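Here is the file upload29.csv (CSV, C-alpha atoms).
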chain,number,residue,atom,x,y,z
A,1,MET,CA,33.8,4.5,-21.4
A,2,GLU,CA,33.6,1.3,-23.5
A,3,ASP,CA,37.0,0.4,-22.2
A,4,LEU,CA,36.0,0.4,-18.5
A,5,ASP,CA,36.2,-3.1,-17.2
A,6,SER,CA,32.8,-4.4,-15.9
A,7,ALA,CA,34.6,-5.5,-12.7
A,8,VAL,CA,35.2,-1.8,-11.9
A,9,VAL,CA,31.5,-1.0,-12.3
A,10,LEU,CA,30.4,-4.1,-10.2
A,11,GLY,CA,32.9,-3.0,-7.5
A,12,MET,CA,31.5,0.4,-7.4
A,13,ALA,CA,27.9,-1.0,-7.1
A,14,ALA,CA,29.0,-3.3,-4.3
A,15,GLN,CA,30.6,-0.6,-2.3
A,16,ALA,CA,28.1,2.3,-3.0
A,17,PRO,CA,26.8,4.0,0.2
A,18,ASP,CA,23.3,4.0,-1.3
A,19,GLY,CA,21.4,0.7,-1.4
A,20,ILE,CA,21.4,-1.1,-4.7
A,21,VAL,CA,18.9,-3.9,-4.9
A,22,ILE,CA,17.9,-6.0,-7.9
A,23,ILE,CA,14.9,-8.3,-7.8
A,24,ASP,CA,13.7,-10.8,-10.5
A,25,GLY,CA,10.3,-10.9,-12.2
A,26,GLU,CA,8.9,-12.8,-9.2
A,27,GLY,CA,10.0,-10.1,-6.7
A,28,LEU,CA,12.8,-12.2,-5.3
A,29,ILE,CA,16.0,-10.5,-4.2
A,30,ARG,CA,18.9,-11.3,-6.5
A,31,TYR,CA,21.4,-8.5,-5.6
A,32,TRP,CA,21.9,-6.6,-2.3
A,33,ASN,CA,24.9,-4.4,-1.9
A,34,ARG,CA,26.7,-3.1,1.3
A,35,GLY,CA,24.6,0.1,1.2
A,36,ALA,CA,21.4,-2.0,1.4
A,37,GLU,CA,23.0,-4.0,4.3
A,38,ARG,CA,23.7,-0.7,6.1
A,39,ILE,CA,20.2,0.8,5.4
A,40,PHE,CA,18.1,-2.2,6.2
A,41,GLY,CA,20.3,-4.2,8.6
A,42,PHE,CA,20.0,-7.5,6.6
A,43,ALA,CA,23.1,-9.2,5.3
A,44,ALA,CA,23.1,-10.0,1.6
A,45,ASP,CA,23.2,-13.8,2.4
A,46,ASP,CA,20.1,-13.5,4.6
A,47,VAL,CA,17.9,-11.9,1.9
A,48,ASP,CA,19.2,-13.7,-1.2
A,49,GLY,CA,16.3,-15.3,-2.9
A,50,ARG,CA,13.7,-14.0,-0.5
A,51,SER,CA,10.8,-11.8,-1.3
A,52,LEU,CA,11.2,-8.0,-1.2
A,53,ASP,CA,8.4,-8.2,1.4
A,54,VAL,CA,11.2,-8.4,4.0
A,55,ILE,CA,11.5,-4.5,3.8
A,56,ILE,CA,7.9,-3.6,2.7
A,57,PRO,CA,5.5,-2.8,5.6
A,58,GLU,CA,2.5,-5.2,5.4
A,59,LYS,CA,-0.1,-2.5,4.8
A,60,HIS,CA,1.8,-1.3,1.7
A,61,ARG,CA,2.5,-4.6,0.1
A,62,LYS,CA,-0.5,-4.9,-2.2
A,63,ARG,CA,0.0,-1.4,-3.5
A,64,HIS,CA,3.7,-2.1,-4.1
A,65,TRP,CA,3.1,-5.4,-5.9
A,66,ASP,CA,0.3,-3.9,-8.0
A,67,GLY,CA,2.7,-1.1,-9.1
A,68,PHE,CA,5.5,-3.6,-9.7
A,69,GLN,CA,3.3,-5.8,-11.9
A,70,GLU,CA,2.1,-2.8,-13.8
A,71,ALA,CA,5.7,-1.6,-14.5
A,72,MET,CA,6.7,-5.2,-15.6
A,73,ASP,CA,3.7,-5.5,-17.9
A,74,ARG,CA,4.4,-2.0,-19.4
A,75,GLY,CA,8.2,-2.6,-19.6
A,76,SER,CA,9.0,0.7,-17.9
A,77,SER,CA,8.8,2.5,-14.6
A,78,LYS,CA,7.7,6.1,-14.0
A,79,TYR,CA,10.3,6.3,-11.2
A,80,GLY,CA,13.5,6.3,-13.0
A,81,GLU,CA,14.4,9.4,-15.0
A,82,ALA,CA,13.8,12.3,-12.6
A,83,ASP,CA,11.2,11.1,-10.2
A,84,LEU,CA,12.0,9.5,-6.9
A,85,LEU,CA,9.6,7.3,-5.1
A,86,ASN,CA,9.2,8.1,-1.4
A,87,VAL,CA,7.9,5.2,0.7
A,88,PRO,CA,8.1,3.7,4.2
A,89,ALA,CA,10.2,0.6,4.7
A,90,LEU,CA,11.2,-1.8,7.4
A,91,ALA,CA,14.6,-2.5,8.9
A,92,ALA,CA,15.7,-6.0,10.1
A,93,ASP,CA,15.1,-4.9,13.7
A,94,GLY,CA,11.6,-3.8,13.0
A,95,ARG,CA,12.3,0.0,12.8
A,96,LYS,CA,10.3,2.0,10.3
A,97,LEU,CA,12.4,3.8,7.7
A,98,SER,CA,11.7,6.5,5.1
A,99,ILE,CA,13.4,5.7,1.8
A,100,GLU,CA,13.6,7.4,-1.6
A,101,PHE,CA,14.5,5.4,-4.6
A,102,SER,CA,14.7,5.3,-8.4
A,103,VAL,CA,13.8,2.3,-10.4
A,104,VAL,CA,15.2,0.8,-13.7
A,105,LEU,CA,14.0,-2.3,-15.5
A,106,LEU,CA,16.9,-4.5,-16.6
A,107,PRO,CA,16.4,-6.9,-19.5
A,108,ALA,CA,18.4,-10.2,-19.1
A,109,PRO,CA,19.9,-12.1,-22.0
A,110,ASP,CA,17.3,-14.9,-21.6
A,111,GLY,CA,14.4,-12.5,-22.2
A,112,SER,CA,13.4,-12.1,-18.5
A,113,THR,CA,13.3,-8.7,-16.8
A,114,TYR,CA,14.9,-7.7,-13.5
A,115,CYS,CA,14.0,-4.6,-11.5
A,116,GLY,CA,16.8,-2.5,-10.0
A,117,ALA,CA,16.6,0.2,-7.4
A,118,VAL,CA,19.0,2.8,-6.0
A,119,ILE,CA,17.8,3.5,-2.5
A,120,ARG,CA,18.6,6.2,0.0
A,121,ASP,CA,17.6,6.3,3.7
A,122,VAL,CA,16.0,9.7,4.3
A,123,THR,CA,14.5,8.8,7.8
A,124,ALA,CA,16.6,11.5,9.7
A,125,ARG,CA,15.8,14.2,7.1
A,126,ARG,CA,12.1,13.4,7.2
A,127,GLU,CA,12.1,13.6,11.0
A,128,ARG,CA,13.8,17.0,10.8
A,129,GLU,CA,11.2,18.2,8.3
A,130,ARG,CA,8.3,17.0,10.5
A,131,GLU,CA,9.9,18.7,13.6
A,132,LEU,CA,10.4,22.0,11.7
A,133,MET,CA,6.7,21.9,10.5
A,134,ARG,CA,5.6,21.1,14.0
A,135,ARG,CA,7.6,24.1,15.4
A,136,ARG,CA,6.2,26.4,12.7
A,137,ALA,CA,2.6,25.3,13.5
A,138,GLU,CA,3.2,26.0,17.2
A,139,ALA,CA,4.7,29.4,16.5
A,140,THR,CA,1.6,30.4,14.4
A,141,ALA,CA,-1.0,29.0,16.8

Take the structure in the file and give it back as structure tokens.
Amino acid sequence: MEDLDSAVVLGMAAQAPDGIVIIDGEGLIRYWNRGAERIFGFAADDVDGRSLDVIIPEKHRKRHWDGFQEAMDRGSSKYGEADLLNVPALAADGRKLSIEFSVVLLPAPDGSTYCGAVIRDVTARRERERELMRRRAEATA
């Protein structure tokens, strides 16, 4: 795998159907692939350099940033290996989304740290699960 050109890897990341988002240590968006554009409805140029708050519902921001800072201070995230984080998110048109994502901390050559996430929109699945639970509850009532 050492012979694989980095342009191939970057091309895969750019075209991946899942969202791939990288933010810097200040929480500013530095990478936003086509999958993120599709999921959230924001073009990469529209979010470049903006706070990740553009997709975080206001009532969840403090908790998010507290967890982000804790991970940055610790130098690791508990949502990377096998654990997915399930959270609400916002689309550009104001719709509420349900997303799952894993997180990796990425050291930069200058000593700074970036945070990368691979994100999947699970809104439709979560709605189907809620509907199934509602039907089961009605059937047993």

Atomic distance atom CA of Asn33 of chain A - atom CA of Glu70 of chain A, expressed in Å with one decimal:
25.8 Å

So that I can check the surroundings of Pro17 of chain A, please list as a PyMOL selection string every protein, DNA and RNA residue that reaches within 12 Å of it, counting all atoms listed in the file and ignoring chain neighbours fewer than 6 positions away.
chain A and resi 32-39+118-121

Output for the residues just chosen: C-alpha atoms as a compact mmCIF listing (two decimals), in the coordinates of the input:
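Contents of the output file result26.txt:
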# COMPACT_ATOMS: atom_id res chain seq x y z
CA TRP A 32 21.90 -6.60 -2.30
CA ASN A 33 24.90 -4.40 -1.90
CA ARG A 34 26.70 -3.10 1.30
CA GLY A 35 24.60 0.10 1.20
CA ALA A 36 21.40 -2.00 1.40
CA GLU A 37 23.00 -4.00 4.30
CA ARG A 38 23.70 -0.70 6.10
CA ILE A 39 20.20 0.80 5.40
CA VAL A 118 19.00 2.80 -6.00
CA ILE A 119 17.80 3.50 -2.50
CA ARG A 120 18.60 6.20 0.00
CA ASP A 121 17.60 6.30 3.70

Which of these residues is nearest to Ala89 of chain A, using all atoms listed in the file: A:Gly27, A:Pro57, A:Gly49, A:Gly11?
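Smallest separation from Ala89 of chain A among the options: A:Pro57.
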
Quote the spacing between atom CA of Ala91 of chain A and atom CA of Arg135 of chain A in Å to one decimal place.
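These atoms are spaced 28.3 Å apart.
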
Scan for residues within 12 Å of the point (10.9, 6.6, 2.8) in the coordinates of the file, using only C-alpha atoms, and reply as a PyMOL selection string.
chain A and resi 39-40+55-57+84-91+96-102+119-127

Length of the atom CA of Ala117 of chain A to atom CA of Ser77 of chain A vector [Å]
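So the two atoms, atom CA of Ala117 of chain A and atom CA of Ser77 of chain A, lie 10.9 Å apart.
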
Add whatever atoms are absent from segment 86-97 of chain A to reach N, CA and C atoms, and provide the output as a PDB file, in the coordinates of the input.
ATOM      1  N   ASN A  86       9.048   7.946  -2.821  1.00  0.00           N
ATOM      2  CA  ASN A  86       9.200   8.100  -1.400  1.00  0.00           C
ATOM      3  C   ASN A  86       8.240   7.117  -0.702  1.00  0.00           C
ATOM      4  N   VAL A  87       8.774   6.167   0.072  1.00  0.00           N
ATOM      5  CA  VAL A  87       7.900   5.200   0.700  1.00  0.00           C
ATOM      6  C   VAL A  87       8.453   4.794   2.087  1.00  0.00           C
ATOM      7  N   PRO A  88       7.583   4.253   2.931  1.00  0.00           N
ATOM      8  CA  PRO A  88       8.100   3.700   4.200  1.00  0.00           C
ATOM      9  C   PRO A  88       8.675   2.317   3.920  1.00  0.00           C
ATOM     10  N   ALA A  89       9.583   1.914   4.781  1.00  0.00           N
ATOM     11  CA  ALA A  89      10.200   0.600   4.700  1.00  0.00           C
ATOM     12  C   ALA A  89      10.487   0.068   6.062  1.00  0.00           C
ATOM     13  N   LEU A  90      10.911  -1.182   6.133  1.00  0.00           N
ATOM     14  CA  LEU A  90      11.200  -1.800   7.400  1.00  0.00           C
ATOM     15  C   LEU A  90      12.679  -2.230   7.468  1.00  0.00           C
ATOM     16  N   ALA A  91      13.270  -2.034   8.633  1.00  0.00           N
ATOM     17  CA  ALA A  91      14.600  -2.500   8.900  1.00  0.00           C
ATOM     18  C   ALA A  91      14.532  -3.906   9.517  1.00  0.00           C
ATOM     19  N   ALA A  92      15.636  -4.607   9.545  1.00  0.00           N
ATOM     20  CA  ALA A  92      15.700  -6.000  10.100  1.00  0.00           C
ATOM     21  C   ALA A  92      15.230  -5.993  11.565  1.00  0.00           C
ATOM     22  N   ASP A  93      15.508  -4.916  12.308  1.00  0.00           N
ATOM     23  CA  ASP A  93      15.100  -4.900  13.700  1.00  0.00           C
ATOM     24  C   ASP A  93      13.709  -4.374  13.944  1.00  0.00           C
ATOM     25  N   GLY A  94      12.947  -4.169  12.864  1.00  0.00           N
ATOM     26  CA  GLY A  94      11.600  -3.800  13.000  1.00  0.00           C
ATOM     27  C   GLY A  94      11.347  -2.246  12.906  1.00  0.00           C
ATOM     28  N   ARG A  95      12.449  -1.458  12.926  1.00  0.00           N
ATOM     29  CA  ARG A  95      12.300   0.000  12.800  1.00  0.00           C
ATOM     30  C   ARG A  95      11.655   0.370  11.511  1.00  0.00           C
ATOM     31  N   LYS A  96      10.878   1.465  11.551  1.00  0.00           N
ATOM     32  CA  LYS A  96      10.300   2.000  10.300  1.00  0.00           C
ATOM     33  C   LYS A  96      11.268   3.020   9.747  1.00  0.00           C
ATOM     34  N   LEU A  97      11.485   2.944   8.456  1.00  0.00           N
ATOM     35  CA  LEU A  97      12.400   3.800   7.700  1.00  0.00           C
ATOM     36  C   LEU A  97      11.597   4.623   6.700  1.00  0.00           C
TER      37      LEU A  97
END
